[in-house]
Amino acid sequence: SIAGNGVGVSDSSATGLVSLTAGQGAKLFGNTFTGGVSIAAGVQDASLRFNTISGGVALLLDSATGVQVRDNRITGTTAALTQAPLTRC
């Protein structure tokens with residue numbers, strides 16, 4: 001889990017799920033994530049670039065705002081990209 005403002009991870013690899021859980025301005029650049037990436041509600045202005053992301057659901061966006069996803073290779077066995085369903089009141 002990653003939570004914090006201005007946090008960065010680059011040129012690394014992880015085999016389990018990588019979760020951005022809180023904060024703003026996180027930067028994930030040039031990584032290999034084979035267990036997927038989850039970006040939770042409350043995360044703001046995260047940037048994912050030049051990563052290789054894979055997993056059952058490779059990238060899960062859950063109501064995060066201002067997320068930039070550019071120049072990545074994203075593959076999933078179930079889904080490459082999923083947005084969590086919106087709850088209506």
# chains A, B, ... in the order shown; residues from 1 in each chain; ligands from 1
>>> residues_around(residues="Phe33 of chain A", least_positions_apart="5", cutoff="6 Å", atoms="only C-alpha atoms", output="VMD selection string")
chain A and resid 13 to 14 53
>>> write_last_selection(atoms="all heavy atoms", output="mmCIF file, in the first residue's frame")
data_model
loop_
_atom_site.group_PDB
_atom_site.id
_atom_site.type_symbol
_atom_site.label_atom_id
_atom_site.label_comp_id
_atom_site.auth_asym_id
_atom_site.auth_seq_id
_atom_site.Cartn_x
_atom_site.Cartn_y
_atom_site.Cartn_z
ATOM 1 N N SER A 13 9.935 -3.311 -9.311
ATOM 2 C CA SER A 13 8.978 -4.360 -9.667
ATOM 3 C C SER A 13 8.319 -4.888 -8.403
ATOM 4 O O SER A 13 8.913 -4.882 -7.329
ATOM 5 C CB SER A 13 9.643 -5.497 -10.442
ATOM 6 O OG SER A 13 10.629 -6.120 -9.651
ATOM 7 N N ALA A 14 7.055 -5.314 -8.568
ATOM 8 C CA ALA A 14 6.304 -5.897 -7.462
ATOM 9 C C ALA A 14 5.444 -7.016 -8.017
ATOM 10 O O ALA A 14 4.858 -6.886 -9.092
ATOM 11 C CB ALA A 14 5.438 -4.844 -6.785
ATOM 12 N N ILE A 53 1.881 -3.247 -16.470
ATOM 13 C CA ILE A 53 0.953 -3.636 -15.417
ATOM 14 C C ILE A 53 0.158 -4.847 -15.893
ATOM 15 O O ILE A 53 -0.447 -4.803 -16.967
ATOM 16 C CB ILE A 53 -0.011 -2.481 -15.071
ATOM 17 C CG1 ILE A 53 0.787 -1.229 -14.675
ATOM 18 C CG2 ILE A 53 -0.963 -2.896 -13.957
ATOM 19 C CD1 ILE A 53 -0.070 0.023 -14.557
#
>>> residues_around(residues="Thr21 of chain A", least_positions_apart="6", cutoff="9 Å", atoms="only C-alpha atoms", output="list in words")
Ser1, Ile2, Ala3, Gly4, Ser38, Ile39, Ala40, Ala41, Gly42 and Val43 of chain A
>>> closest_residue(among="A:Asn72, A:Ser12, A:Thr82, A:Gln44", to="Ala58 of chain A", atoms="only C-alpha atoms")
A:Thr82
>>> atom_distance(atom1="atom CA of Asp45 of chain A", atom2="atom CA of Thr75 of chain A")
22.7 Å
>>> atom_distance(atom1="atom CA of Thr65 of chain A", atom2="atom CA of Lys27 of chain A")
14.1 Å
>>> select_by_dssp(residues="chain A", states="strand (DSSP E or B)", output="ChimeraX atom specification")
/A:2-3,8-10,13-14,18-24,27-29,32-33,37-39,43-44,47-49,52-61,65,68-70,73-83
>>> atom_distance(atom1="atom CA of Gly23 of chain A", atom2="atom CA of Thr77 of chain A")
28.9 Å
>>> closest_residue(among="A:Val7, A:Ala84, A:Ile74, A:Val18", to="Asp62 of chain A", atoms="only C-alpha atoms")
A:Ala84
>>> closest_residue(among="A:Leu81, A:Leu48, A:Leu61, A:Val69", to="Ser10 of chain A", atoms="only C-alpha atoms")
A:Leu48
